[in-house]
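This report concerns only the one structure given below.
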Amino acid sequence: MAEERKEGASKSSVVKKLKATKAASVYQKEWFFGMKERVEREGCDFAVLNADVPMEVFRAMDIPFVVNQWWAAICGAKRMTRKYFGLMQENGYRPDLNSYDAQALAESFDPDDKKIDAEGNPMGPWGGLPRPTISITRLTGDVQSKIFGLLAENYGADLYVMENTIARTAPLNWYELAADRWEELYDKDRIDLAVEELKELIRWLEMKTGKMMDINRLEYVMNLINEQESYYKKTRDLIASCHPVPVTVVDTINAVMQAQWQRGTEWAVGHAKSLYEEVKALADAGVAAVPNEKLRLMWIGRGMWQDFAFYQRFEEKYGAVFMWSMYLAMGADAYIRNHVEEDPLRALAARFIGMEDFLHMPPWNSSWFIQQARQNDIDGVVYMIPDNDIQAVEGSYFIKKALEDAGIPVLAFHGDPVNPRKWNAETMTALVDEFIETRVIPANEKKKK
Amino acid sequence: MSIRSCALESQAFLALKDAYEHREKGAAAARKKGMKVVGELGFDVPDELVLAAGMFPVRIYADPEKSLEETDKYLEYSFEPVVRAQFEKIIDGTYGDQIDYLAISNSTDVIIRIFLYLRELKRVEPEKNVPPITFIDWLFTRHRLHQVRDEFVIGLFKKQMEEWAGREITDEEIRKAGAILNENRQALRDMAALRHGTEVRISGTEAMVIIGAGFFMDKEEHTALVRQVTLDAASWPVLTGPRVFYTGAAQEDNSLYDKIEAAGFVIVGEDTDWGDRSYDRDYNMDYDPIRAIVDRYMLREFSAKKAFVSQRVEALDREVNAAGAEAVIFYTNQYDEVATWDMPKQRKSLEARGIKHITFGRMQWPVSKNEDLDAKLAEFAQAVKGGAE
């Protein structure tokens, strides 16, 4: 009965059956255990990387790694957050600061991480990380060097850091320049420096691991990523052109995010292709995620992990569908760097130095949101402003102003995607209800006229 | 302890106090003389190039009394309170009326964000009375690659200063400015000897005034006054009480120091940019001018915002030893919490050497908002005194 009510409450249940979403979840676990088994069997180096470190280098050099933020999500899903909060506190650290980024650090304090409980279950998430020998971050914020340094110290790993520079020129149409004309997108000296940083990183890794970089392999990895992200571009463009849309963010966020951590692999390309084919089949069959689609909503912010059902609460009542999030669209617009063969390191540099800025630096984020809102025929934007992390702030005033000046209504609210104490589903639903009724519907009617 | 009467009897100290308390006077006088004024936000704007351009540098500071109505529109909650209040003065026209240019250095994340926001604000709301801005994008990790990059970055800053000045800046002008600032730093170090030595004759509160005045007045005039006050202070009464080292949030005024010293401590040193760190390391007169600037700003004592925990642990140990401190106060404001990542290991290291400490975290700004601070400081003073006996 409960299930029936749930089905009835959301017309987007069909798209929850996307094979690609399930496949990504299954694969990440298989991959992790395979990688862990290899590290333990071979006794080889194993790296923990911050999300903004160019993982392509590790892929090409066949150095096993996990991305810190991906692992944090696994720790969260395995309900380690409370325990890790306590461990940070016990060791003198403020558990409320950068808690997402500090999950792996908290794990390093856990004496039970590799133990098995009385019922035979592993006590650490998926039995815990293999012991890292390498800890690498970029200095895109003040605390990364602290967290990764402490992590390295606790595990006896080697720390390596890469510097970060700030854009002096910021052409508004970055999304048009990124794939082929990146030399116009960035200050030349910033790319030059990033190339040198990559060379130093590679040399350091070669010395540390005894493996030599194969530039052809790097080129291959880069091209795999281009192929994967091109499928995201096709998927995004397809969804944008569909009225009604065949899928919502509930499906695309997880399908894309999990596979992005595997970018640079044949699996990830195959997965992105399968996602596109599934969505295309739904579109070709005329399947509507929300059959009575009337309003198209854009979600700006991190995924609302603690309450994914939130995205679906407005479908039946208003025909309002959350059909856009950054996860798919960033894949479509931010990662592709063509002509890799001309200079793989330069292409890689041009990929990683802008990634944070596209999302967090005005005017790059605001100009992109407007362009995306237009491409996706958006009627309203719901924008969750991150509150507790200076690294995540992104000029919310400018984003809101830019969208509203372009005639797109915006509901901006402050929230935390991983802290249930800061989320009230009832209040938020009422807020969005009011937004749709008082802003989105009138604006939509005006647009139709 | 507030400023003592012996200090108030020193004409040099009174002149410094006047500059410290009336921070706009120096810039206004410079403008009257036809000089351009450069506001500095972030602690790594090289004064050498500002002086060499014939301009007058002043430090951007917050006004705790000002309403943040405008700022609240633009900044998210996670911007620390002092920077919020600085931002208010930049966008409400206060600094638009007082300075000609604004130079921002990437001394911490929050300041980088402020630069990005101001740049965007000028683009979308050009009617705002915000001065022209430049940004200095240092790299602080100590590698040759980054040193070379920093030379390029400072070259860019030099070009910007030349553009603003409407003329070329010569190497000789930079060296001359370097010499002026080295003199100033040496004068401050000589003054600090009266804080760090066996006998302490200058309190932390008094030192805040002496050091801080220099951010708002002519550097040579400041040097002369610091030298005079150092001579005067040699005969000031010796301060008693537990010697404490302060680390954490930079203090733009002396209200916190007042409270700490009122509890019976004597602040003998700090690692903040409104204190001892501001005059650490000289401009090397033997180097190429740009290299000398990079050397000075890149290699001075580690900042909490741009250093590894291990570096900060060693730095604090070094500084506490040099100051002869017997206790340490850790103090961070809410949302200005990077330093808290260093503290567990710093505390452990201090404990291993028998140095007592207290931590104040999530503090409100201004200091007066923290109601139980006096009681906690008094309690800590008792504990330190007890331990000393």
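In the structure tokens, the first chain shown is A, the next is B, and so on; residue numbers restart at 1 for each chain, and ligands run from 1 in the order shown.
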As a short mmCIF file (atom, residue, chain, number, x, y, z; two decimals) with N, CA and C atoms, in the first residue's frame, please: the residues near Tyr335 (chain A) (cut-off 8 Å, only C-alpha atoms, same-chain neighbours under 4 positions excluded).
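Output saved as out_37.cif:
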data_model
loop_
_atom_site.label_atom_id
_atom_site.label_comp_id
_atom_site.auth_asym_id
_atom_site.auth_seq_id
_atom_site.Cartn_x
_atom_site.Cartn_y
_atom_site.Cartn_z
N ALA A 178 35.80 26.06 -24.25
CA ALA A 178 36.55 25.05 -23.50
C ALA A 178 37.02 23.87 -24.35
N ALA A 179 36.21 23.38 -25.22
CA ALA A 179 36.55 22.13 -25.92
C ALA A 179 37.67 22.31 -26.95
N ILE A 225 38.01 10.06 -22.05
CA ILE A 225 37.20 11.05 -21.31
C ILE A 225 36.41 11.91 -22.30
N ASN A 226 37.06 12.33 -23.36
CA ASN A 226 36.33 13.12 -24.36
C ASN A 226 35.13 12.35 -24.89
N GLU A 229 32.40 12.15 -22.13
CA GLU A 229 31.72 13.43 -21.90
C GLU A 229 30.89 13.83 -23.12
N MET A 330 27.71 19.77 -16.55
CA MET A 330 29.16 19.98 -16.44
C MET A 330 29.89 18.96 -17.29
N GLY A 331 29.42 17.73 -17.25
CA GLY A 331 30.01 16.70 -18.11
C GLY A 331 29.94 17.14 -19.57
N ARG A 351 42.15 21.37 -18.96
CA ARG A 351 40.95 20.79 -18.36
C ARG A 351 40.90 21.09 -16.87
#
Distance limit 9 Å, atoms considered: only C-alpha atoms. Which chain A residues sit that close to chain B? Return them as a PyMOL selection string.
chain A and resi 91-94+97+140-143+145-147+149-150+161-166+168+189+193+196-197+361-363+385-391+393-398+402+414
Just list the residues in region 2-202 of chain B DSSP gives alpha helix (DSSP H) on the backbone, as a PyMOL selection string.
chain B and resi 5-8+11-21+25-32+47-52+69-74+81-91+94-98+109-124+144-165+171-196
If you run DSSP on the backbone here, which positions in region 18-267 of chain A get strand (DSSP E)? Please write them as a VMD selection string.
chain A and resid 47 to 49 65 to 67 134 to 138 158 to 162
Quick one: residues within 7 Å of Ala327 (chain B), only C-alpha atoms, excluding same-chain residues fewer than 5 positions away - as a ChimeraX atom specification?
/B:243-245,355-357
Which polymer residues have any atom within 8 Å of an atom of Tyr257 (chain B), counting only C-alpha atoms, with same-chain residues fewer than 2 positions away left out, as a ChimeraX atom specification?
/B:204-205,254-255,259-261,267
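Proximity ranking of B:Ala263, B:Leu256, B:Ala165, B:Val209 relative to Asn370 (chain B) places B:Leu256 first, based on only C-alpha atoms.
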With only C-alpha atoms as the atoms that count, which of A:Glu266, A:Glu426, A:Glu434, A:Asp251 lies nearest to Val410 (chain A)?
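The closest residue to Val410 (chain A) is A:Glu434.
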May I have the residues within 9 Å of region 276-292 of chain B as number ranges by chain, using only C-alpha atoms and disregarding those fewer than 5 positions away in the same chain?
B: 43, 48, 147-148, 150-152, 154-155, 158, 171-172, 174-175, 178-179, 181-182, 184-186, 188-189, 192, 211, 269-271, 297, 299-303
Proximity to Thr429 (chain A) - best of A:Leu348, A:Ala255, A:Ala288, A:Ala309, only C-alpha atoms:
A:Ala309
Near-region 222-226 of chain B list (10 Å; only C-alpha atoms; drop same-chain fewer than 5 positions) as number ranges by chain
B: 11-16, 19, 180-191, 210-211, 213-217, 231-232
Extract, using only C-alpha atoms, all DNA, RNA and protein residues at most 10 Å from Tyr100 (chain A), discarding same-chain residues fewer than 6 positions from it, and format them as a list in words.
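Contacts, with the query itself left out: Asn68, Gln69, Trp70, Trp71, Ala72, Ala73, Cys75, Gly76, Thr81 and Val418 of chain A.
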Expected file contents, prior selection, N, CA and C atoms, as a PDB file, in the first residue's frame:
ATOM      1  N   ASN A  68      38.952  11.581  -2.861  1.00  0.00           N
ATOM      2  CA  ASN A  68      38.537  11.840  -1.484  1.00  0.00           C
ATOM      3  C   ASN A  68      37.031  12.074  -1.353  1.00  0.00           C
ATOM      4  N   GLN A  69      36.479  12.898  -2.226  1.00  0.00           N
ATOM      5  CA  GLN A  69      35.065  13.243  -2.108  1.00  0.00           C
ATOM      6  C   GLN A  69      34.161  12.066  -2.481  1.00  0.00           C
ATOM      7  N   TRP A  70      34.605  11.222  -3.417  1.00  0.00           N
ATOM      8  CA  TRP A  70      33.836  10.017  -3.732  1.00  0.00           C
ATOM      9  C   TRP A  70      33.803   9.104  -2.516  1.00  0.00           C
ATOM     10  N   TRP A  71      34.961   8.953  -1.897  1.00  0.00           N
ATOM     11  CA  TRP A  71      35.042   8.094  -0.729  1.00  0.00           C
ATOM     12  C   TRP A  71      34.189   8.660   0.419  1.00  0.00           C
ATOM     13  N   ALA A  72      34.124   9.985   0.527  1.00  0.00           N
ATOM     14  CA  ALA A  72      33.294  10.616   1.561  1.00  0.00           C
ATOM     15  C   ALA A  72      31.832  10.232   1.362  1.00  0.00           C
ATOM     16  N   ALA A  73      31.413  10.170   0.098  1.00  0.00           N
ATOM     17  CA  ALA A  73      30.029   9.789  -0.186  1.00  0.00           C
ATOM     18  C   ALA A  73      29.784   8.341   0.235  1.00  0.00           C
ATOM     19  N   CYS A  75      31.439   6.752   2.611  1.00  0.00           N
ATOM     20  CA  CYS A  75      31.428   6.772   4.083  1.00  0.00           C
ATOM     21  C   CYS A  75      30.059   7.224   4.594  1.00  0.00           C
ATOM     22  N   GLY A  76      29.495   8.240   3.930  1.00  0.00           N
ATOM     23  CA  GLY A  76      28.176   8.740   4.318  1.00  0.00           C
ATOM     24  C   GLY A  76      27.120   7.670   4.121  1.00  0.00           C
ATOM     25  N   THR A  81      29.202   8.717   9.321  1.00  0.00           N
ATOM     26  CA  THR A  81      29.340  10.142   9.642  1.00  0.00           C
ATOM     27  C   THR A  81      29.386  10.403  11.150  1.00  0.00           C
ATOM     28  N   VAL A 418      24.219  17.705   3.035  1.00  0.00           N
ATOM     29  CA  VAL A 418      24.492  16.474   3.784  1.00  0.00           C
ATOM     30  C   VAL A 418      24.111  16.559   5.262  1.00  0.00           C
TER      31      VAL A 418
END
Nearest candidate to Leu8 (chain B) (options B:Asp100, B:Glu379, B:Glu206, B:Glu69; using only C-alpha atoms):
B:Glu206
CA of Ala250 (chain B) to CA of Cys6 (chain B): how many Å, to one decimal?
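Taking CA of Ala250 (chain B) and CA of Cys6 (chain B), their separation equals 26.4 Å.
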